[in-house]
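Engineer: Okay, so here is upload.tsv, and as you'll see once you scroll down, it has TSV, C-alpha atoms and all ligand atoms.
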chain	number	residue	atom	x	y	z
A	1	MET	CA	18.95	8.91	-5.98
A	2	LYS	CA	15.19	8.72	-5.48
A	3	ILE	CA	12.76	6.60	-3.54
A	4	PHE	CA	9.18	6.55	-4.80
A	5	VAL	CA	6.67	5.49	-2.16
A	6	THR	CA	3.15	4.55	-3.19
A	7	VAL	CA	0.63	5.53	-0.54
A	8	LYS	CA	-3.09	4.92	-0.46
A	9	GLN	CA	-5.74	6.77	1.54
A	10	VAL	CA	-8.09	4.17	2.99
A	11	PRO	CA	-11.26	4.17	5.12
A	12	ASP	CA	-10.49	3.69	8.83
A	13	THR	CA	-11.79	0.18	9.38
A	14	SER	CA	-10.94	0.23	13.12
A	15	GLY	CA	-14.24	2.07	13.75
A	16	LYS	CA	-17.71	1.34	12.40
A	17	VAL	CA	-17.52	0.06	8.82
A	18	ALA	CA	-20.36	1.53	6.75
A	19	VAL	CA	-21.61	-0.71	3.96
A	20	LYS	CA	-24.13	0.45	1.32
A	21	ASP	CA	-27.19	-1.59	0.33
A	22	ASP	CA	-25.35	-2.89	-2.74
A	23	GLY	CA	-22.61	-4.34	-0.50
A	24	THR	CA	-19.91	-1.77	-1.41
A	25	LEU	CA	-18.08	0.36	1.18
A	26	ASP	CA	-19.72	3.69	1.95
A	27	ARG	CA	-16.35	5.49	1.73
A	28	ALA	CA	-17.88	8.99	1.95
A	29	SER	CA	-19.27	8.43	5.47
A	30	MET	CA	-16.08	6.95	6.93
A	31	GLN	CA	-12.97	8.64	8.34
A	32	THR	CA	-9.87	8.12	6.21
A	33	ILE	CA	-6.34	7.24	7.26
A	34	THR	CA	-3.05	6.50	5.54
A	35	ASN	CA	-2.89	2.80	4.77
A	36	PRO	CA	-0.88	1.34	7.71
A	37	ASP	CA	1.65	-0.70	5.66
A	38	ASP	CA	2.33	2.42	3.57
A	39	LEU	CA	3.48	4.29	6.69
A	40	ASN	CA	6.08	1.53	7.15
A	41	ALA	CA	7.14	2.06	3.52
A	42	VAL	CA	7.42	5.82	4.14
A	43	GLU	CA	9.46	5.23	7.31
A	44	ALA	CA	11.80	2.85	5.43
A	45	ALA	CA	12.26	5.51	2.74
A	46	LEU	CA	13.00	8.21	5.33
A	47	GLU	CA	15.53	5.99	7.12
A	48	LEU	CA	17.32	5.36	3.80
A	49	LYS	CA	17.13	9.11	3.11
A	50	ASP	CA	18.68	9.89	6.53
A	51	LYS	CA	21.54	7.46	5.84
A	52	TYR	CA	22.23	7.91	2.14
A	53	GLY	CA	20.58	11.18	1.08
A	54	TYR	CA	17.79	9.89	-1.15
A	55	LYS	CA	15.02	12.21	-2.32
A	56	VAL	CA	11.67	10.72	-1.24
A	57	ILE	CA	8.59	11.22	-3.41
A	58	ALA	CA	5.14	9.98	-2.36
A	59	PHE	CA	2.66	8.96	-5.06
A	60	CYS	CA	-1.03	8.59	-4.30
A	61	MET	CA	-3.80	7.85	-6.76
A	62	GLY	CA	-7.08	9.11	-5.39
A	63	PRO	CA	-9.50	12.03	-5.20
A	64	GLY	CA	-8.63	15.60	-4.07
A	65	PRO	CA	-9.04	15.04	-0.29
A	66	ALA	CA	-6.04	12.66	-0.40
A	67	MET	CA	-3.96	15.90	-0.41
A	68	ILE	CA	-4.42	16.09	3.37
A	69	MET	CA	-2.74	12.70	3.76
A	70	LEU	CA	0.06	13.76	1.40
A	71	ARG	CA	0.67	16.91	3.50
A	72	GLU	CA	1.02	14.70	6.60
A	73	LEU	CA	3.68	12.68	4.77
A	74	LEU	CA	5.50	15.88	3.82
A	75	ALA	CA	5.40	16.81	7.51
A	76	MET	CA	7.03	13.47	8.34
A	77	GLY	CA	9.97	14.31	6.05
A	78	VAL	CA	8.90	13.25	2.55
A	79	ASP	CA	10.43	15.69	0.03
A	80	GLU	CA	7.75	15.78	-2.66
A	81	ALA	CA	4.23	14.49	-3.15
A	82	VAL	CA	2.33	13.70	-6.33
A	83	LEU	CA	-1.43	13.20	-6.47
A	84	VAL	CA	-2.51	11.12	-9.45
A	85	SER	CA	-6.08	12.20	-9.94
A	86	GLY	CA	-8.73	12.54	-12.60
A	87	ARG	CA	-12.22	11.28	-13.35
A	88	GLU	CA	-10.78	9.17	-16.19
A	89	PHE	CA	-9.03	7.10	-13.51
A	90	GLY	CA	-12.22	6.49	-11.41
A	91	GLY	CA	-13.53	2.93	-11.16
A	92	SER	CA	-10.08	1.42	-11.70
A	93	ASP	CA	-9.49	-2.09	-10.35
A	94	THR	CA	-6.02	-3.20	-9.26
A	95	TYR	CA	-4.92	-3.86	-12.85
A	96	ALA	CA	-5.84	-0.35	-14.00
A	97	THR	CA	-4.64	1.26	-10.74
A	98	SER	CA	-1.16	-0.23	-11.10
A	99	GLN	CA	-1.13	0.68	-14.79
A	100	ILE	CA	-1.79	4.33	-13.92
A	101	ILE	CA	0.62	4.52	-10.95
A	102	ALA	CA	3.36	2.79	-13.00
A	103	ALA	CA	2.85	5.35	-15.79
A	104	ALA	CA	2.97	8.20	-13.27
A	105	ILE	CA	6.22	7.00	-11.67
A	106	ASP	CA	7.74	6.36	-15.10
A	107	THR	CA	6.73	9.85	-16.22
A	108	TYR	CA	8.55	11.32	-13.21
A	109	GLY	CA	11.56	9.22	-14.28
A	110	VAL	CA	13.09	6.05	-12.82
A	111	GLU	CA	16.90	5.95	-12.82
A	112	LYS	CA	19.52	3.32	-11.99
A	113	ASP	CA	19.80	4.11	-8.25
A	114	ASP	CA	16.07	4.42	-7.62
A	115	ILE	CA	13.84	2.32	-5.40
A	116	ILE	CA	10.05	2.01	-5.37
A	117	LEU	CA	8.49	1.11	-2.03
A	118	ALA	CA	4.86	0.12	-1.52
A	119	GLY	CA	2.88	-1.25	1.37
A	120	ARG	CA	2.28	-4.99	1.19
A	121	GLN	CA	-1.46	-4.59	1.23
A	122	ALA	CA	-4.20	-1.97	1.54
A	123	ILE	CA	-6.67	-2.54	4.39
A	124	ASP	CA	-9.70	-1.89	2.19
A	125	GLY	CA	-9.01	-3.67	-1.12
A	126	ASP	CA	-6.71	-6.15	0.64
A	127	THR	CA	-5.42	-7.74	-2.56
A	128	ALA	CA	-1.66	-7.02	-2.24
A	129	GLN	CA	-1.59	-6.84	-6.04
A	130	VAL	CA	-0.75	-3.22	-6.77
A	131	GLY	CA	2.94	-3.18	-5.74
A	132	PRO	CA	3.90	-6.34	-7.68
A	133	GLN	CA	1.83	-5.23	-10.69
A	134	ILE	CA	3.63	-1.86	-10.80
A	135	ALA	CA	6.95	-3.75	-10.83
A	136	GLU	CA	5.75	-5.99	-13.69
A	137	LYS	CA	4.55	-3.05	-15.76
A	138	LEU	CA	7.85	-1.21	-15.30
A	139	GLY	CA	9.87	-4.38	-15.92
A	140	LEU	CA	11.57	-4.12	-12.51
A	141	PRO	CA	12.59	-6.88	-10.08
A	142	GLN	CA	10.43	-7.06	-6.97
A	143	ILE	CA	10.71	-8.36	-3.43
A	144	THR	CA	7.58	-8.63	-1.31
A	145	TYR	CA	7.06	-8.79	2.51
A	146	ALA	CA	10.20	-6.83	3.42
A	147	GLY	CA	10.95	-6.97	7.15
A	148	GLU	CA	14.45	-5.47	6.86
A	149	ILE	CA	16.28	-3.56	4.10
A	150	THR	CA	20.03	-2.94	3.97
A	151	LYS	CA	22.09	-1.34	1.20
A	152	GLU	CA	25.57	-1.79	-0.16
A	153	GLY	CA	26.38	0.14	-3.32
A	154	ASN	CA	23.58	-0.41	-5.82
A	155	THR	CA	22.57	-3.67	-4.15
A	156	LEU	CA	19.83	-3.93	-1.57
A	157	THR	CA	19.49	-6.95	0.69
A	158	VAL	CA	16.00	-7.63	1.92
A	159	LYS	CA	14.82	-9.95	4.66
A	160	ARG	CA	11.61	-11.38	3.21
A	161	ILE	CA	9.40	-12.53	6.07
A	162	LEU	CA	7.41	-15.72	5.58
A	163	GLU	CA	4.95	-17.43	7.92
A	164	ASP	CA	7.48	-20.07	8.96
A	165	GLY	CA	10.82	-18.31	8.52
A	166	TYR	CA	12.51	-15.79	6.27
A	167	MET	CA	14.55	-15.48	3.06
A	168	MET	CA	17.49	-13.13	2.46
A	169	ILE	CA	17.34	-11.78	-1.09
A	170	SER	CA	19.69	-9.36	-2.81
A	171	VAL	CA	18.47	-7.18	-5.63
A	172	ASP	CA	20.00	-4.46	-7.78
A	173	THR	CA	18.31	-1.10	-8.17
A	174	PRO	CA	16.02	0.04	-9.66
A	175	CYS	CA	13.57	-2.33	-7.97
A	176	MET	CA	10.22	-2.55	-6.18
A	177	ILE	CA	9.95	-3.64	-2.54
A	178	THR	CA	6.69	-4.12	-0.64
A	179	CYS	CA	6.82	-3.43	3.09
A	180	ILE	CA	5.18	-4.97	6.15
A	181	LYS	CA	4.64	-3.65	9.66
A	182	GLU	CA	7.55	-5.64	11.12
A	183	LEU	CA	9.93	-3.44	9.10
A	184	ASN	CA	9.93	-0.46	11.47
A	185	THR	CA	7.91	1.95	13.63
A	186	PRO	CA	6.74	4.94	11.58
A	187	ARG	CA	7.86	8.30	12.93
A	188	TYR	CA	5.48	11.14	13.86
A	189	MET	CA	5.23	14.44	12.02
A	190	ASN	CA	7.42	17.11	13.58
A	191	VAL	CA	6.51	20.77	14.17
A	192	GLN	CA	9.03	22.12	11.65
A	193	GLY	CA	7.82	19.53	9.15
A	194	VAL	CA	4.18	20.58	9.64
A	195	LEU	CA	5.08	24.24	9.00
A	196	GLU	CA	7.08	23.36	5.87
A	197	ALA	CA	4.47	20.92	4.57
A	198	PHE	CA	1.99	23.72	3.97
A	199	ASP	CA	4.49	25.70	1.88
A	200	LYS	CA	5.22	22.78	-0.44
A	201	GLU	CA	3.41	22.32	-3.75
A	202	ILE	CA	1.70	19.02	-4.31
A	203	GLU	CA	1.97	18.20	-8.00
A	204	ILE	CA	-1.09	16.77	-9.70
A	205	PHE	CA	-0.66	14.20	-12.45
A	206	ASP	CA	-3.98	14.20	-14.30
A	207	TYR	CA	-5.07	12.35	-17.43
A	208	ASN	CA	-3.57	15.03	-19.70
A	209	LYS	CA	-0.19	14.65	-18.05
A	210	LEU	CA	-0.19	10.86	-18.50
A	211	LYS	CA	-2.24	10.30	-21.65
A	212	ASP	CA	0.75	9.93	-23.99
A	213	HIS	CA	2.47	7.32	-21.82
A	214	PRO	CA	2.47	3.88	-23.53
A	215	LEU	CA	0.73	2.28	-20.51
A	216	ILE	CA	-2.22	4.66	-20.73
A	217	ASP	CA	-5.17	4.43	-23.06
A	218	ALA	CA	-8.93	4.24	-22.62
A	219	THR	CA	-8.85	0.45	-22.67
A	220	THR	CA	-6.35	0.14	-19.79
A	221	ILE	CA	-7.62	2.65	-17.21
A	222	GLY	CA	-10.81	3.47	-15.31
A	223	LEU	CA	-13.86	1.22	-15.21
A	224	LYS	CA	-13.59	0.36	-18.92
A	225	GLY	CA	-9.97	-0.72	-18.51
A	226	SER	CA	-10.69	-2.86	-15.45
A	227	PRO	CA	-10.96	-6.56	-16.23
A	228	THR	CA	-12.40	-7.35	-12.76
A	229	ASN	CA	-16.13	-7.96	-12.63
A	230	ILE	CA	-17.69	-8.03	-9.18
A	231	TYR	CA	-20.23	-10.83	-9.31
A	232	LYS	CA	-21.55	-10.33	-5.80
A	233	SER	CA	-20.42	-8.68	-2.58
A	234	PHE	CA	-21.89	-9.28	0.85
A	235	THR	CA	-21.19	-8.95	4.57
A	236	PRO	CA	-20.47	-12.38	6.01
A	237	PRO	CA	-22.68	-13.38	8.97
A	238	GLN	CA	-21.05	-12.78	12.35
A	239	LYS	CA	-19.57	-15.86	13.93
A	240	GLY	CA	-21.16	-17.02	17.19
A	241	VAL	CA	-19.48	-16.29	20.51
A	242	GLY	CA	-16.59	-18.70	21.17
A	243	MET	CA	-16.42	-20.99	24.19
A	244	MET	CA	-13.62	-20.68	26.79
A	245	LEU	CA	-12.61	-23.75	28.74
A	246	LYS	CA	-10.98	-23.11	32.08
A	247	GLY	CA	-8.76	-25.40	34.13
A	248	ASP	CA	-5.46	-27.18	33.69
A	249	GLY	CA	-4.38	-28.86	30.46
A	250	LYS	CA	-5.71	-32.30	31.39
A	251	GLU	CA	-9.12	-31.04	32.54
A	252	THR	CA	-9.68	-28.83	29.49
A	253	THR	CA	-8.50	-31.55	27.09
A	254	ASN	CA	-10.98	-34.01	28.59
A	255	GLU	CA	-13.74	-31.42	28.55
A	256	LEU	CA	-13.00	-30.49	24.91
A	257	ALA	CA	-12.94	-34.18	23.91
A	258	ALA	CA	-16.33	-34.68	25.61
A	259	ILE	CA	-17.81	-31.65	23.81
A	260	LEU	CA	-16.51	-32.80	20.41
A	261	ALA	CA	-17.72	-36.35	21.04
A	262	GLY	CA	-21.15	-34.95	22.04
A	263	LYS	CA	-21.33	-33.19	18.67
A	264	HIS	CA	-20.20	-36.41	16.88
A	265	ILE	CA	-17.08	-34.60	15.58
A	266	ILE	CA	-14.75	-37.21	17.08
B	301	LIG	C1	-14.38	-2.91	-10.66
B	301	LIG	C2	-13.70	-2.13	-9.59
B	301	LIG	C3	-13.90	-0.74	-9.50
B	301	LIG	C4	-13.25	0.01	-8.51
B	301	LIG	N1	-13.48	1.35	-8.44
B	301	LIG	C5	-12.85	2.09	-7.50
B	301	LIG	C6	-13.06	3.50	-7.39
B	301	LIG	O1	-13.80	4.10	-8.19
B	301	LIG	N2	-12.41	4.20	-6.41
B	301	LIG	C7	-11.57	3.54	-5.54
B	301	LIG	O2	-10.99	4.19	-4.63
B	301	LIG	N3	-11.35	2.22	-5.62
B	301	LIG	C8	-11.97	1.49	-6.56
B	301	LIG	N4	-11.77	0.15	-6.63
B	301	LIG	C9	-10.81	-0.45	-5.70
B	301	LIG	C10	-9.43	-0.27	-6.32
B	301	LIG	O3	-9.25	-1.09	-7.44
B	301	LIG	C11	-8.41	-0.71	-5.31
B	301	LIG	O4	-8.61	0.06	-4.15
B	301	LIG	C12	-6.99	-0.39	-5.79
B	301	LIG	O5	-6.74	-0.96	-7.04
B	301	LIG	C13	-5.96	-0.88	-4.84
B	301	LIG	O6	-6.10	-2.26	-4.61
B	301	LIG	P1	-5.97	-2.78	-3.15
B	301	LIG	O7	-6.79	-1.90	-2.27
B	301	LIG	O8	-6.24	-4.22	-3.13
B	301	LIG	O9	-4.44	-2.47	-2.84
B	301	LIG	P2	-3.25	-3.45	-2.56
B	301	LIG	O10	-2.81	-4.09	-3.82
B	301	LIG	O11	-3.58	-4.33	-1.40
B	301	LIG	O12	-2.19	-2.34	-2.13
B	301	LIG	C14	-0.80	-2.63	-2.04
B	301	LIG	C15	-0.05	-1.33	-2.03
B	301	LIG	O13	-0.17	-0.70	-3.29
B	301	LIG	C16	-0.18	0.72	-3.13
B	301	LIG	N5	-1.45	1.28	-3.59
B	301	LIG	C17	-2.63	0.64	-3.78
B	301	LIG	N6	-3.55	1.51	-4.24
B	301	LIG	C18	-2.95	2.72	-4.33
B	301	LIG	C19	-3.36	4.01	-4.71
B	301	LIG	N7	-4.61	4.27	-5.12
B	301	LIG	N8	-2.45	5.03	-4.67
B	301	LIG	C20	-1.18	4.80	-4.28
B	301	LIG	N9	-0.74	3.60	-3.88
B	301	LIG	C21	-1.60	2.58	-3.91
B	301	LIG	C22	0.01	0.97	-1.65
B	301	LIG	O14	1.39	1.11	-1.38
B	301	LIG	C23	-0.53	-0.31	-1.02
B	301	LIG	O15	-0.04	-0.57	0.26
B	301	LIG	C24	-12.40	-0.62	-7.60
B	301	LIG	C25	-12.21	-2.02	-7.67
B	301	LIG	C26	-12.84	-2.76	-8.65
B	301	LIG	C27	-12.62	-4.23	-8.67
As structure tokens, how would this structure be written, given the file I've shared?
Ligand SMILES: Cc1cc2nc3c(=O)[nH]c(=O)nc-3n(C[C@H](O)[C@H](O)[C@H](O)COP(=O)(O)OP(=O)(O)OC[C@H]3O[C@@H](n4cnc5c(N)ncnc54)[C@H](O)[C@@H]3O)c2cc1C

Structural biologist:
Amino acid sequence: MKIFVTVKQVPDTSGKVAVKDDGTLDRASMQTITNPDDLNAVEAALELKDKYGYKVIAFCMGPGPAMIMLRELLAMGVDEAVLVSGREFGGSDTYATSQIIAAAIDTYGVEKDDIILAGRQAIDGDTAQVGPQIAEKLGLPQITYAGEITKEGNTLTVKRILEDGYMMISVDTPCMITCIKELNTPRYMNVQGVLEAFDKEIEIFDYNKLKDHPLIDATTIGLKGSPTNIYKSFTPPQKGVGMMLKGDGKETTNELAAILAGKHII
């Protein structure tokens, strides 16, 4: 019984966001963190491990320094970590990224009881495409926006959180579930975990390891295999400072109506 968790290392956008002249993120000059939704996915995996004895394996596609993040996940209680890395994979858009991660997980081996967890969305790319695309490429059912996961036998029941309510959906394993922050509060690393994390091997899946997988060829990975073309990227102008109206409901409503009328909006 395995849970694969896909985890992305992202620039910390809570501080100063550095943008290059061409409009792309200056990733090298920014601190990196584990993508927040992915920590919720890791926590969900560890809770299922604590209850049912799953083996939890984290998969990250990224450059060498992502190892540090993977060691932190091992210190939280993840059993194994795999870094999918190679210059052939560089420049991949979401289509190629999910192609490569799907091939990597499939190479490790997906069995009947297994679950794949991803974050809903990465805070840098922000597309929320990678999890669902991995499911499509592996031919697995998927449930997105999981705010609660329960298990009975091989069936998982997921509370799928929507803006105006929720859906309860049951799914058989193997399946893909994407996780949101409402799902749980991620645990901290523990001292024993930190000590053990440095003794564990992090396996690297490079191009040679994956090149014979049916999802991988030069036309489906890296920049060449990425159908996305970025026409233009720019930093939107900052919005002006908002206006606060003070007073009771009647006063502020009248004041707002007068302002809108003055601007010929109403
Ligand atoms: C033309 C083009 C070239 C690009 N070149 C590069 C590049 O050279 N280097 C680069 O870093 N980015 C590059 N990107 C960005 C890259 O495509 C996205 O960062 C990546 O595909 C993930 O998409 P996202 O950030 O929208 O993730 P989302 O789809 O929002 O992420 C959802 C979830 O998927 C999982 N996930 C996403 N990405 C990864 C990952 N890498 N490893 C493990 N799990 C993951 C996580 O669980 C995450 O929470 C490029 C994009 C384009 C369009």

Engineer: Throw together the list of residues within 7 Å of ligand LIG 301 (chain B), counting all atoms listed in the file, and drop it here as a PyMOL selection string.

Structural biologist: chain A and resi 5-8+35+37-38+59-62+90-95+97-98+101+118-131+223+226+228-230

Engineer: State, in Å with one decimal place, the distance from CA of Ile265 in chain A to CA of Gly242 in chain A.

Structural biologist: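 Computed distance, CA of Ile265 in chain A to CA of Gly242 in chain A, equals 16.9 Å.
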
Engineer: For range 110-117 of chain A, please output as a PyMOL selection string all residues within 9 Å (counting only C-alpha atoms; exclusion window: fewer than 2 positions along the same chain).

Structural biologist: chain A and resi 1-6+38+41-42+44-45+54+105-108+119+131+135+154+172-179

Engineer: Counting all atoms listed in the file, which of A:Gly262, A:Gly222, A:Gly15, A:Gly249 gets nearest to Gly86 in chain A?

Structural biologist: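 Under the stated criterion, the closest residue is A:Gly222.
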
Engineer: Could you pull the residues within 12 Å of Ala197 in chain A, counting all atoms listed in the file, minus those fewer than 5 positions along the same chain, as an mmCIF file with C-alpha atoms, in the frame of the given file?

Structural biologist:
data_model
loop_
_atom_site.group_PDB
_atom_site.id
_atom_site.type_symbol
_atom_site.label_atom_id
_atom_site.label_comp_id
_atom_site.auth_asym_id
_atom_site.auth_seq_id
_atom_site.Cartn_x
_atom_site.Cartn_y
_atom_site.Cartn_z
ATOM 1 C CA MET A 67 -3.960 15.900 -0.410
ATOM 2 C CA ILE A 68 -4.420 16.090 3.370
ATOM 3 C CA MET A 69 -2.740 12.700 3.760
ATOM 4 C CA LEU A 70 0.060 13.760 1.400
ATOM 5 C CA ARG A 71 0.670 16.910 3.500
ATOM 6 C CA GLU A 72 1.020 14.700 6.600
ATOM 7 C CA LEU A 73 3.680 12.680 4.770
ATOM 8 C CA LEU A 74 5.500 15.880 3.820
ATOM 9 C CA ALA A 75 5.400 16.810 7.510
ATOM 10 C CA MET A 76 7.030 13.470 8.340
ATOM 11 C CA GLY A 77 9.970 14.310 6.050
ATOM 12 C CA VAL A 78 8.900 13.250 2.550
ATOM 13 C CA ASP A 79 10.430 15.690 0.030
ATOM 14 C CA GLU A 80 7.750 15.780 -2.660
ATOM 15 C CA ALA A 81 4.230 14.490 -3.150
ATOM 16 C CA MET A 189 5.230 14.440 12.020
ATOM 17 C CA ASN A 190 7.420 17.110 13.580
ATOM 18 C CA VAL A 191 6.510 20.770 14.170
ATOM 19 C CA GLN A 192 9.030 22.120 11.650
ATOM 20 C CA ILE A 202 1.700 19.020 -4.310
#

Engineer: How many Å separate CA of Ala28 in chain A from CA of Glu88 in chain A?

Structural biologist: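 Interatomic distance, CA of Ala28 in chain A to CA of Glu88 in chain A: 19.5 Å.
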
Engineer: Give me the residues within 8 Å of Ile266 in chain A as a list of chain:residue names, counting all atoms listed in the file and dropping any in the same chain fewer than 4 places off.

Structural biologist: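 Listed by chain and then number, they are A:Ala257, A:Leu260, A:Ala261.
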
Engineer: Residues at most 9 Å from Tyr207 in chain A, counting all atoms listed in the file, excluding those fewer than 4 positions away in the same chain, as a PyMOL selection string?

Structural biologist: chain A and resi 84-89+211+216

Engineer: For Thr13 in chain A, which residue out of A:Lys151, A:Lys246, A:Lys137, A:Arg27 is the nearest one, using all atoms listed in the file?

Structural biologist: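 For Thr13 in chain A, the nearest of the given residues is A:Arg27.
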
Engineer: Suppose you want the space between CA of Leu162 in chain A and CA of Pro11 in chain A; what is it in Å?

Structural biologist: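 Spanning CA of Leu162 in chain A to CA of Pro11 in chain A is a straight-line distance of 27.3 Å.
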
Engineer: Which of these residues is nearest to His213 in chain A, using only C-alpha atoms: A:Val241, A:Ala66, A:Val19, A:Ala104?

Structural biologist: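 Checking each candidate against His213 in chain A, we get A:Ala104 as the closest.
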
Engineer: Of the candidates A:Phe198, A:Gln99, A:Ala146, A:Asp164, which one gets nearest to Ile134 in chain A if we count all atoms listed in the file?

Structural biologist: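 Smallest distance to Ile134 in chain A is found for A:Gln99.
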
Engineer: Go ahead and find all residues with at least one atom no further than 6 Å from (7.5, 2.7, 11.2) in the file's coordinates, using only C-alpha atoms; report them as a count of residues only.

Structural biologist: 6

Engineer: With only C-alpha atoms as the atoms that count, which of A:Lys20, A:Met168, A:Asp12, A:Lys51 lies nearest to Thr34 in chain A?

Structural biologist: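 Selected residue with least distance to Thr34 in chain A: A:Asp12.
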
Engineer: Please determine, counting all atoms listed in the file, which residue among A:Lys181, A:Lys224, A:Lys263, A:Lys209 has the shortest atom-to-atom distance to Ala96 in chain A.

Structural biologist: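 Nearest candidate to Ala96 in chain A out of A:Lys181, A:Lys224, A:Lys263, A:Lys209: A:Lys224.
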